[in-house]
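Asks: Structure: upload-v1.cif, mmCIF, N, CA and C atoms.
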```
data_protein
loop_
_atom_site.label_atom_id
_atom_site.label_comp_id
_atom_site.auth_asym_id
_atom_site.auth_seq_id
_atom_site.Cartn_x
_atom_site.Cartn_y
_atom_site.Cartn_z
N MET K 1301 -265.85 -137.84 -71.63
CA MET K 1301 -264.51 -137.86 -72.18
C MET K 1301 -263.65 -136.84 -71.44
N SER K 1302 -262.40 -137.19 -71.13
CA SER K 1302 -261.54 -136.28 -70.38
C SER K 1302 -260.70 -135.45 -71.34
N ASP K 1303 -260.22 -134.35 -70.83
CA ASP K 1303 -259.44 -133.39 -71.61
C ASP K 1303 -257.99 -133.89 -71.72
N PRO K 1304 -257.50 -134.16 -72.96
CA PRO K 1304 -256.14 -134.68 -73.12
C PRO K 1304 -255.07 -133.71 -72.62
N SER K 1305 -255.28 -132.42 -72.79
CA SER K 1305 -254.26 -131.47 -72.34
C SER K 1305 -254.17 -131.47 -70.81
N LYS K 1306 -255.31 -131.65 -70.15
CA LYS K 1306 -255.31 -131.71 -68.69
C LYS K 1306 -254.59 -132.98 -68.23
N GLU K 1307 -254.84 -134.09 -68.93
CA GLU K 1307 -254.17 -135.34 -68.60
C GLU K 1307 -252.65 -135.20 -68.79
N ASN K 1308 -252.24 -134.56 -69.88
CA ASN K 1308 -250.81 -134.34 -70.13
C ASN K 1308 -250.19 -133.50 -69.02
N LYS K 1309 -250.92 -132.49 -68.59
CA LYS K 1309 -250.41 -131.64 -67.51
C LYS K 1309 -250.23 -132.44 -66.23
N LEU K 1310 -251.19 -133.29 -65.93
CA LEU K 1310 -251.09 -134.12 -64.72
C LEU K 1310 -249.93 -135.11 -64.82
N VAL K 1311 -249.77 -135.69 -66.00
CA VAL K 1311 -248.67 -136.63 -66.21
C VAL K 1311 -247.33 -135.91 -66.03
N THR K 1312 -247.22 -134.72 -66.58
CA THR K 1312 -245.99 -133.95 -66.45
C THR K 1312 -245.73 -133.61 -64.99
N LEU K 1313 -246.77 -133.21 -64.26
CA LEU K 1313 -246.61 -132.91 -62.84
C LEU K 1313 -246.15 -134.14 -62.07
N GLU K 1314 -246.73 -135.29 -62.38
CA GLU K 1314 -246.33 -136.54 -61.72
C GLU K 1314 -244.86 -136.87 -62.03
N ARG K 1315 -244.45 -136.63 -63.27
CA ARG K 1315 -243.05 -136.89 -63.65
C ARG K 1315 -242.11 -135.96 -62.88
N ILE K 1316 -242.53 -134.71 -62.71
CA ILE K 1316 -241.73 -133.75 -61.94
C ILE K 1316 -241.61 -134.22 -60.49
N GLU K 1317 -242.72 -134.60 -59.90
CA GLU K 1317 -242.72 -135.07 -58.51
C GLU K 1317 -241.81 -136.29 -58.35
N GLN K 1318 -241.91 -137.22 -59.29
CA GLN K 1318 -241.07 -138.43 -59.23
C GLN K 1318 -239.60 -138.07 -59.38
N ALA K 1319 -239.30 -137.14 -60.27
CA ALA K 1319 -237.91 -136.72 -60.47
C ALA K 1319 -237.36 -136.08 -59.20
N ILE K 1320 -238.15 -135.23 -58.56
CA ILE K 1320 -237.71 -134.59 -57.31
C ILE K 1320 -237.44 -135.65 -56.24
N THR K 1321 -238.37 -136.59 -56.12
CA THR K 1321 -238.20 -137.66 -55.13
C THR K 1321 -236.94 -138.47 -55.40
N ASN K 1322 -236.72 -138.84 -56.65
CA ASN K 1322 -235.54 -139.64 -57.00
C ASN K 1322 -234.25 -138.87 -56.76
N LEU K 1323 -234.23 -137.59 -57.11
CA LEU K 1323 -233.03 -136.79 -56.89
C LEU K 1323 -232.74 -136.63 -55.40
N ARG K 1324 -233.78 -136.50 -54.61
CA ARG K 1324 -233.58 -136.39 -53.15
C ARG K 1324 -233.03 -137.69 -52.58
N LYS K 1325 -233.59 -138.81 -53.04
CA LYS K 1325 -233.12 -140.11 -52.55
C LYS K 1325 -231.65 -140.32 -52.90
N GLY K 1326 -231.26 -139.86 -54.06
CA GLY K 1326 -229.88 -140.01 -54.50
C GLY K 1326 -228.96 -138.94 -53.96
N LYS K 1327 -229.49 -138.11 -53.05
CA LYS K 1327 -228.71 -137.01 -52.45
C LYS K 1327 -228.14 -136.06 -53.49
N LYS K 1328 -228.86 -135.91 -54.60
CA LYS K 1328 -228.42 -135.01 -55.67
C LYS K 1328 -228.90 -133.60 -55.38
N LYS K 1329 -228.13 -132.63 -55.85
CA LYS K 1329 -228.52 -131.23 -55.70
C LYS K 1329 -229.64 -130.94 -56.68
N LEU K 1330 -230.70 -130.35 -56.16
CA LEU K 1330 -231.85 -130.04 -57.00
C LEU K 1330 -231.60 -128.75 -57.78
N SER K 1331 -231.99 -128.77 -59.03
CA SER K 1331 -231.97 -127.59 -59.89
C SER K 1331 -233.03 -127.82 -60.95
N ILE K 1332 -233.43 -126.74 -61.60
CA ILE K 1332 -234.43 -126.86 -62.67
C ILE K 1332 -233.91 -127.81 -63.75
N SER K 1333 -232.64 -127.65 -64.10
CA SER K 1333 -232.05 -128.50 -65.15
C SER K 1333 -232.05 -129.97 -64.75
N ALA K 1334 -231.63 -130.23 -63.50
CA ALA K 1334 -231.56 -131.62 -63.04
C ALA K 1334 -232.95 -132.25 -62.97
N ILE K 1335 -233.93 -131.48 -62.50
CA ILE K 1335 -235.29 -132.00 -62.40
C ILE K 1335 -235.85 -132.28 -63.79
N ALA K 1336 -235.66 -131.34 -64.71
CA ALA K 1336 -236.16 -131.52 -66.08
C ALA K 1336 -235.51 -132.74 -66.73
N LYS K 1337 -234.22 -132.87 -66.57
CA LYS K 1337 -233.51 -134.00 -67.17
C LYS K 1337 -234.02 -135.32 -66.61
N LYS K 1338 -234.15 -135.38 -65.28
CA LYS K 1338 -234.61 -136.61 -64.64
C LYS K 1338 -236.05 -136.93 -65.03
N ALA K 1339 -236.88 -135.89 -65.23
CA ALA K 1339 -238.28 -136.10 -65.60
C ALA K 1339 -238.43 -136.38 -67.09
N GLY K 1340 -237.37 -136.15 -67.86
CA GLY K 1340 -237.43 -136.39 -69.30
C GLY K 1340 -238.23 -135.33 -70.05
N ILE K 1341 -238.17 -134.11 -69.55
CA ILE K 1341 -238.87 -133.02 -70.22
C ILE K 1341 -237.90 -131.88 -70.46
N GLU K 1342 -238.32 -130.92 -71.25
CA GLU K 1342 -237.50 -129.75 -71.54
C GLU K 1342 -237.59 -128.76 -70.38
N ARG K 1343 -236.50 -128.03 -70.13
CA ARG K 1343 -236.50 -127.00 -69.09
C ARG K 1343 -237.56 -125.94 -69.38
N LYS K 1344 -237.72 -125.61 -70.65
CA LYS K 1344 -238.68 -124.56 -71.00
C LYS K 1344 -240.10 -124.95 -70.60
N THR K 1345 -240.39 -126.26 -70.55
CA THR K 1345 -241.71 -126.70 -70.11
C THR K 1345 -241.95 -126.26 -68.67
N ILE K 1346 -240.92 -126.40 -67.86
CA ILE K 1346 -241.03 -125.99 -66.45
C ILE K 1346 -241.20 -124.48 -66.37
N TYR K 1347 -240.39 -123.75 -67.12
CA TYR K 1347 -240.44 -122.29 -67.06
C TYR K 1347 -241.74 -121.74 -67.64
N ASN K 1348 -242.34 -122.46 -68.58
CA ASN K 1348 -243.58 -121.99 -69.21
C ASN K 1348 -244.82 -122.32 -68.39
N ARG K 1349 -244.68 -123.21 -67.43
CA ARG K 1349 -245.82 -123.58 -66.59
C ARG K 1349 -245.59 -123.13 -65.16
N PRO K 1350 -246.27 -122.09 -64.73
CA PRO K 1350 -246.03 -121.55 -63.38
C PRO K 1350 -246.21 -122.58 -62.27
N ASP K 1351 -247.14 -123.53 -62.42
CA ASP K 1351 -247.34 -124.53 -61.38
C ASP K 1351 -246.13 -125.45 -61.25
N LEU K 1352 -245.53 -125.82 -62.38
CA LEU K 1352 -244.33 -126.65 -62.34
C LEU K 1352 -243.14 -125.88 -61.79
N LYS K 1353 -243.01 -124.64 -62.23
CA LYS K 1353 -241.90 -123.80 -61.76
C LYS K 1353 -241.99 -123.60 -60.26
N GLU K 1354 -243.19 -123.33 -59.77
CA GLU K 1354 -243.40 -123.13 -58.33
C GLU K 1354 -243.06 -124.40 -57.56
N ARG K 1355 -243.48 -125.54 -58.06
CA ARG K 1355 -243.19 -126.81 -57.38
C ARG K 1355 -241.69 -127.06 -57.32
N CYS K 1356 -240.99 -126.84 -58.42
CA CYS K 1356 -239.54 -127.03 -58.46
C CYS K 1356 -238.84 -126.05 -57.51
N ASP K 1357 -239.28 -124.81 -57.53
CA ASP K 1357 -238.69 -123.80 -56.64
C ASP K 1357 -238.89 -124.18 -55.18
N GLN K 1358 -240.06 -124.69 -54.85
CA GLN K 1358 -240.32 -125.12 -53.47
C GLN K 1358 -239.38 -126.25 -53.06
N ALA K 1359 -239.21 -127.21 -53.94
CA ALA K 1359 -238.33 -128.34 -53.64
C ALA K 1359 -236.89 -127.88 -53.47
N ILE K 1360 -236.45 -126.99 -54.34
CA ILE K 1360 -235.08 -126.47 -54.27
C ILE K 1360 -234.89 -125.68 -52.98
N LEU K 1361 -235.85 -124.83 -52.65
CA LEU K 1361 -235.77 -124.03 -51.42
C LEU K 1361 -235.77 -124.93 -50.19
N LEU K 1362 -236.61 -125.94 -50.19
CA LEU K 1362 -236.66 -126.87 -49.07
C LEU K 1362 -235.32 -127.57 -48.89
N GLN K 1363 -234.72 -128.01 -49.98
CA GLN K 1363 -233.42 -128.67 -49.90
C GLN K 1363 -232.37 -127.71 -49.34
N MET K 1364 -232.41 -126.46 -49.78
CA MET K 1364 -231.46 -125.47 -49.28
C MET K 1364 -231.65 -125.24 -47.78
N GLU K 1365 -232.89 -125.18 -47.33
CA GLU K 1365 -233.18 -124.97 -45.91
C GLU K 1365 -232.69 -126.16 -45.08
N ILE K 1366 -232.90 -127.36 -45.60
CA ILE K 1366 -232.45 -128.56 -44.90
C ILE K 1366 -230.92 -128.55 -44.79
N GLU K 1367 -230.25 -128.23 -45.90
CA GLU K 1367 -228.79 -128.17 -45.89
C GLU K 1367 -228.30 -127.08 -44.94
N LYS K 1368 -228.98 -125.95 -44.94
CA LYS K 1368 -228.61 -124.83 -44.06
C LYS K 1368 -228.75 -125.26 -42.61
N GLY K 1369 -229.85 -125.93 -42.30
CA GLY K 1369 -230.06 -126.43 -40.94
C GLY K 1369 -228.99 -127.42 -40.53
N ALA K 1370 -228.62 -128.31 -41.46
CA ALA K 1370 -227.57 -129.29 -41.17
C ALA K 1370 -226.23 -128.59 -40.93
N GLU K 1371 -225.96 -127.55 -41.73
CA GLU K 1371 -224.71 -126.80 -41.53
C GLU K 1371 -224.71 -126.08 -40.19
N GLU K 1372 -225.85 -125.52 -39.82
CA GLU K 1372 -225.95 -124.85 -38.52
C GLU K 1372 -225.73 -125.83 -37.38
N ILE K 1373 -226.32 -127.00 -37.51
CA ILE K 1373 -226.15 -128.02 -36.48
C ILE K 1373 -224.68 -128.41 -36.38
N ALA K 1374 -224.06 -128.63 -37.53
CA ALA K 1374 -222.65 -129.01 -37.53
C ALA K 1374 -221.78 -127.91 -36.94
N ALA K 1375 -222.05 -126.66 -37.31
CA ALA K 1375 -221.26 -125.55 -36.81
C ALA K 1375 -221.42 -125.40 -35.30
N THR K 1376 -222.64 -125.52 -34.83
CA THR K 1376 -222.90 -125.39 -33.40
C THR K 1376 -222.28 -126.56 -32.64
N ALA K 1377 -222.36 -127.74 -33.23
CA ALA K 1377 -221.78 -128.91 -32.58
C ALA K 1377 -220.27 -128.77 -32.46
N ILE K 1378 -219.64 -128.23 -33.48
CA ILE K 1378 -218.19 -128.03 -33.43
C ILE K 1378 -217.84 -126.99 -32.38
N GLU K 1379 -218.63 -125.93 -32.29
CA GLU K 1379 -218.37 -124.87 -31.31
C GLU K 1379 -218.48 -125.39 -29.89
N THR K 1380 -219.51 -126.16 -29.60
CA THR K 1380 -219.77 -126.60 -28.23
C THR K 1380 -219.24 -128.00 -27.94
N SER K 1381 -218.85 -128.72 -28.97
CA SER K 1381 -218.38 -130.10 -28.84
C SER K 1381 -219.42 -131.03 -28.23
N THR K 1382 -220.64 -130.55 -28.14
CA THR K 1382 -221.74 -131.40 -27.71
C THR K 1382 -222.89 -131.17 -28.67
N ARG K 1383 -223.81 -132.05 -28.64
CA ARG K 1383 -224.95 -131.90 -29.54
C ARG K 1383 -225.82 -130.73 -29.06
N PRO K 1384 -226.07 -129.76 -29.94
CA PRO K 1384 -226.85 -128.60 -29.53
C PRO K 1384 -228.33 -128.95 -29.37
N SER K 1385 -228.97 -128.21 -28.51
CA SER K 1385 -230.39 -128.45 -28.32
C SER K 1385 -231.18 -127.77 -29.43
N GLY K 1386 -232.35 -128.28 -29.66
CA GLY K 1386 -233.22 -127.69 -30.67
C GLY K 1386 -233.57 -126.26 -30.31
N LYS K 1387 -233.71 -126.03 -29.00
CA LYS K 1387 -234.03 -124.68 -28.54
C LYS K 1387 -232.93 -123.70 -28.90
N ARG K 1388 -231.69 -124.11 -28.70
CA ARG K 1388 -230.55 -123.23 -29.01
C ARG K 1388 -230.48 -122.94 -30.51
N LEU K 1389 -230.73 -123.95 -31.33
CA LEU K 1389 -230.73 -123.74 -32.77
C LEU K 1389 -231.82 -122.75 -33.18
N LEU K 1390 -233.00 -122.90 -32.58
CA LEU K 1390 -234.08 -121.97 -32.89
C LEU K 1390 -233.75 -120.55 -32.43
N GLU K 1391 -233.13 -120.45 -31.26
CA GLU K 1391 -232.73 -119.12 -30.78
C GLU K 1391 -231.72 -118.48 -31.72
N ASN K 1392 -230.75 -119.27 -32.17
CA ASN K 1392 -229.75 -118.74 -33.11
C ASN K 1392 -230.41 -118.29 -34.41
N ARG K 1393 -231.28 -119.12 -34.92
CA ARG K 1393 -231.95 -118.78 -36.17
C ARG K 1393 -232.83 -117.54 -35.97
N TYR K 1394 -233.51 -117.46 -34.81
CA TYR K 1394 -234.34 -116.30 -34.51
C TYR K 1394 -233.50 -115.03 -34.49
N GLU K 1395 -232.35 -115.08 -33.85
CA GLU K 1395 -231.47 -113.90 -33.77
C GLU K 1395 -230.99 -113.48 -35.17
N LYS K 1396 -230.67 -114.45 -36.00
CA LYS K 1396 -230.23 -114.13 -37.36
C LYS K 1396 -231.37 -113.48 -38.15
N VAL K 1397 -232.55 -114.03 -38.04
CA VAL K 1397 -233.70 -113.48 -38.76
C VAL K 1397 -234.04 -112.09 -38.22
N LYS K 1398 -233.94 -111.93 -36.91
CA LYS K 1398 -234.22 -110.64 -36.29
C LYS K 1398 -233.24 -109.58 -36.80
N GLN K 1399 -231.96 -109.95 -36.89
CA GLN K 1399 -230.95 -109.03 -37.40
C GLN K 1399 -231.19 -108.71 -38.89
N ALA K 1400 -231.54 -109.74 -39.65
CA ALA K 1400 -231.83 -109.52 -41.07
C ALA K 1400 -233.03 -108.59 -41.23
N LEU K 1401 -234.04 -108.77 -40.40
CA LEU K 1401 -235.22 -107.90 -40.45
C LEU K 1401 -234.83 -106.46 -40.13
N GLN K 1402 -233.99 -106.28 -39.12
CA GLN K 1402 -233.53 -104.94 -38.77
C GLN K 1402 -232.78 -104.31 -39.94
N ASN K 1403 -231.92 -105.08 -40.58
CA ASN K 1403 -231.18 -104.58 -41.74
C ASN K 1403 -232.13 -104.17 -42.86
N GLU K 1404 -233.16 -104.97 -43.10
CA GLU K 1404 -234.13 -104.65 -44.14
C GLU K 1404 -234.92 -103.39 -43.79
N LYS K 1405 -235.25 -103.23 -42.51
CA LYS K 1405 -235.95 -102.01 -42.09
C LYS K 1405 -235.09 -100.78 -42.35
N GLU K 1406 -233.80 -100.89 -42.05
CA GLU K 1406 -232.90 -99.76 -42.28
C GLU K 1406 -232.81 -99.44 -43.78
N LYS K 1407 -232.72 -100.49 -44.61
CA LYS K 1407 -232.70 -100.27 -46.05
C LYS K 1407 -233.99 -99.58 -46.51
N ASN K 1408 -235.13 -100.05 -45.99
CA ASN K 1408 -236.41 -99.46 -46.35
C ASN K 1408 -236.50 -97.99 -45.96
N GLU K 1409 -235.96 -97.66 -44.78
CA GLU K 1409 -235.97 -96.27 -44.35
C GLU K 1409 -235.14 -95.40 -45.30
N LYS K 1410 -233.99 -95.92 -45.70
CA LYS K 1410 -233.14 -95.17 -46.64
C LYS K 1410 -233.86 -94.99 -47.98
N LEU K 1411 -234.48 -96.05 -48.46
CA LEU K 1411 -235.21 -95.95 -49.73
C LEU K 1411 -236.38 -94.99 -49.63
N LEU K 1412 -237.06 -95.01 -48.49
CA LEU K 1412 -238.18 -94.10 -48.29
C LEU K 1412 -237.70 -92.65 -48.32
N GLU K 1413 -236.57 -92.37 -47.70
CA GLU K 1413 -236.02 -91.02 -47.71
C GLU K 1413 -235.65 -90.60 -49.13
N ILE K 1414 -235.06 -91.52 -49.88
CA ILE K 1414 -234.72 -91.22 -51.27
C ILE K 1414 -235.98 -90.93 -52.07
N CYS K 1415 -237.03 -91.71 -51.85
CA CYS K 1415 -238.30 -91.49 -52.55
C CYS K 1415 -238.89 -90.13 -52.19
N ARG K 1416 -238.81 -89.77 -50.93
CA ARG K 1416 -239.32 -88.46 -50.52
C ARG K 1416 -238.57 -87.34 -51.24
N LYS K 1417 -237.26 -87.47 -51.31
CA LYS K 1417 -236.45 -86.46 -52.01
C LYS K 1417 -236.84 -86.39 -53.48
N HIS K 1418 -237.09 -87.54 -54.08
CA HIS K 1418 -237.47 -87.56 -55.49
C HIS K 1418 -238.85 -86.92 -55.71
N VAL K 1419 -239.76 -87.13 -54.78
CA VAL K 1419 -241.09 -86.53 -54.89
C VAL K 1419 -240.97 -85.01 -54.83
N ILE K 1420 -240.16 -84.52 -53.91
CA ILE K 1420 -239.95 -83.08 -53.78
C ILE K 1420 -239.29 -82.53 -55.05
N GLU K 1421 -238.27 -83.24 -55.53
CA GLU K 1421 -237.58 -82.82 -56.75
C GLU K 1421 -238.53 -82.81 -57.94
N LYS K 1422 -239.39 -83.81 -58.01
CA LYS K 1422 -240.35 -83.89 -59.11
C LYS K 1422 -241.29 -82.69 -59.07
N ALA K 1423 -241.76 -82.35 -57.88
CA ALA K 1423 -242.66 -81.21 -57.74
C ALA K 1423 -241.96 -79.91 -58.15
N GLN K 1424 -240.71 -79.77 -57.75
CA GLN K 1424 -239.95 -78.58 -58.13
C GLN K 1424 -239.76 -78.51 -59.64
N LEU K 1425 -239.41 -79.63 -60.23
CA LEU K 1425 -239.21 -79.66 -61.68
C LEU K 1425 -240.53 -79.37 -62.43
N LYS K 1426 -241.60 -79.92 -61.92
CA LYS K 1426 -242.90 -79.69 -62.54
C LYS K 1426 -243.26 -78.20 -62.48
N SER K 1427 -243.00 -77.61 -61.34
CA SER K 1427 -243.25 -76.18 -61.18
C SER K 1427 -242.39 -75.36 -62.14
N ARG K 1428 -241.14 -75.75 -62.25
CA ARG K 1428 -240.21 -75.05 -63.15
C ARG K 1428 -240.67 -75.18 -64.60
N ILE K 1429 -241.13 -76.37 -64.99
CA ILE K 1429 -241.62 -76.60 -66.35
C ILE K 1429 -242.82 -75.71 -66.63
N GLU K 1430 -243.76 -75.65 -65.68
CA GLU K 1430 -244.93 -74.80 -65.86
C GLU K 1430 -244.53 -73.34 -66.01
N TYR K 1431 -243.59 -72.90 -65.19
CA TYR K 1431 -243.10 -71.53 -65.27
C TYR K 1431 -242.51 -71.24 -66.65
N LEU K 1432 -241.67 -72.16 -67.14
CA LEU K 1432 -241.04 -71.98 -68.45
C LEU K 1432 -242.06 -72.02 -69.58
N GLU K 1433 -243.05 -72.90 -69.45
CA GLU K 1433 -244.10 -72.96 -70.47
C GLU K 1433 -244.88 -71.64 -70.52
N ASN K 1434 -245.15 -71.06 -69.37
CA ASN K 1434 -245.84 -69.76 -69.33
C ASN K 1434 -244.98 -68.67 -69.99
N LYS K 1435 -243.68 -68.69 -69.69
CA LYS K 1435 -242.78 -67.70 -70.30
C LYS K 1435 -242.74 -67.87 -71.82
N ILE K 1436 -242.70 -69.10 -72.28
CA ILE K 1436 -242.69 -69.36 -73.72
C ILE K 1436 -243.98 -68.84 -74.34
N GLN K 1437 -245.09 -69.08 -73.67
CA GLN K 1437 -246.39 -68.60 -74.17
C GLN K 1437 -246.41 -67.08 -74.24
N GLU K 1438 -245.89 -66.43 -73.23
CA GLU K 1438 -245.84 -64.96 -73.22
C GLU K 1438 -244.99 -64.45 -74.38
N LEU K 1439 -243.85 -65.09 -74.60
CA LEU K 1439 -242.98 -64.67 -75.70
C LEU K 1439 -243.66 -64.87 -77.05
N ARG K 1440 -244.36 -65.93 -77.22
CA ARG K 1440 -245.08 -66.18 -78.48
C ARG K 1440 -246.16 -65.12 -78.69
N GLU K 1441 -246.85 -64.78 -77.62
CA GLU K 1441 -247.90 -63.77 -77.73
C GLU K 1441 -247.31 -62.40 -78.10
N ARG K 1442 -246.15 -62.08 -77.56
CA ARG K 1442 -245.49 -60.82 -77.90
C ARG K 1442 -245.08 -60.78 -79.36
N GLN K 1443 -244.61 -61.91 -79.86
CA GLN K 1443 -244.18 -61.96 -81.26
C GLN K 1443 -245.35 -61.83 -82.20
N LEU K 1444 -246.51 -62.31 -81.82
CA LEU K 1444 -247.68 -62.26 -82.68
C LEU K 1444 -248.31 -60.88 -82.74
N LYS K 1445 -248.13 -60.06 -81.72
CA LYS K 1445 -248.71 -58.72 -81.70
C LYS K 1445 -247.94 -57.82 -82.67
N PRO K 1446 -248.66 -57.12 -83.51
CA PRO K 1446 -247.96 -56.20 -84.41
C PRO K 1446 -247.47 -54.96 -83.65
N PHE K 1447 -246.41 -54.40 -84.15
CA PHE K 1447 -245.89 -53.19 -83.51
C PHE K 1447 -246.81 -52.02 -83.80
N GLN K 1448 -247.05 -51.16 -82.89
CA GLN K 1448 -247.97 -50.05 -83.08
C GLN K 1448 -247.25 -48.73 -83.03
#
```
Could I get this file's structure written as structure tokens?

Replies:
Amino acid sequence: MSDPSKENKLVTLERIEQAITNLRKGKKKLSISAIAKKAGIERKTIYNRPDLKERCDQAILLQMEIEKGAEEIAATAIETSTRPSGKRLLENRYEKVKQALQNEKEKNEKLLEICRKHVIEKAQLKSRIEYLENKIQELRERQLKPFQ
């Protein structure tokens, strides 16, 4: 005997796949809401199941990449008035990614410096707290000693 919950999960996954395919064929913009509606399920079902959410996110990302590539082709074609080569498109994309990577490295360096400063500040504060705790302890000990 097969597990009904497993069968339901497979059926839901198949409905999601079919919805994605149909939305793509109809040139519709993919979104969690659109996929859920087309599949006849609740959005929360997608959000509650990581496998469904991941599949929808992949489809949405793929559509965005395809649209981005089409826009790049159109932009390059307008600039050169001729059809751009695949090599040129890859070079352009490589340069953009390379620049984005450089920007991220710079951000990471700044964050690392901030973290270093915070570590030093934390150590200073910790030292200060220990010093104050010792002073408090000394004062308490003085108050407890009777006058002679």

Asks: When the PyMOL selection byres ((chain K and resi 1355-1369) around 8) is applied to the structure above, which residues does it catch, written out as a list of chain:residue names?

Replies: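 Applied to this file, the PyMOL selection byres ((chain K and resi 1355-1369) around 8) selects K:Ile1316, K:Ile1320, K:Lys1329, K:Leu1330, K:Ser1331, K:Ile1332, K:Ile1335, K:Arg1349, K:Pro1350, K:Asp1351, K:Leu1352, K:Lys1353, K:Glu1354, K:Ala1370, K:Glu1371, K:Glu1372, K:Ile1373, K:Ala1374, K:Ala1375.
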
Asks: For the atom pair atom N of K:Thr1321 and atom C of K:Arg1393, what is the interatomic distance in Å to one decimal place?

Replies: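 So the answer is 28.3 Å.
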
Asks: Work out how far apart atom CA of K:Tyr1394 and atom CA of K:Glu1406 are and give it in Å to one decimal.

Replies: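 Between atom CA of K:Tyr1394 and atom CA of K:Glu1406 the gap is 18.3 Å.
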
Asks: Between atom N of K:Leu1432 and atom C of K:Val1419, what is the spacing in Å?

Replies: 17.8 Å

Asks: Check the smallest atom-to-atom distance from each of K:Asn1392, K:Leu1439, K:Ser1333, K:Ile1414 to K:Tyr1347 using only C-alpha atoms, then report the winner.

Replies: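 The closest residue to K:Tyr1347 is K:Ser1333.
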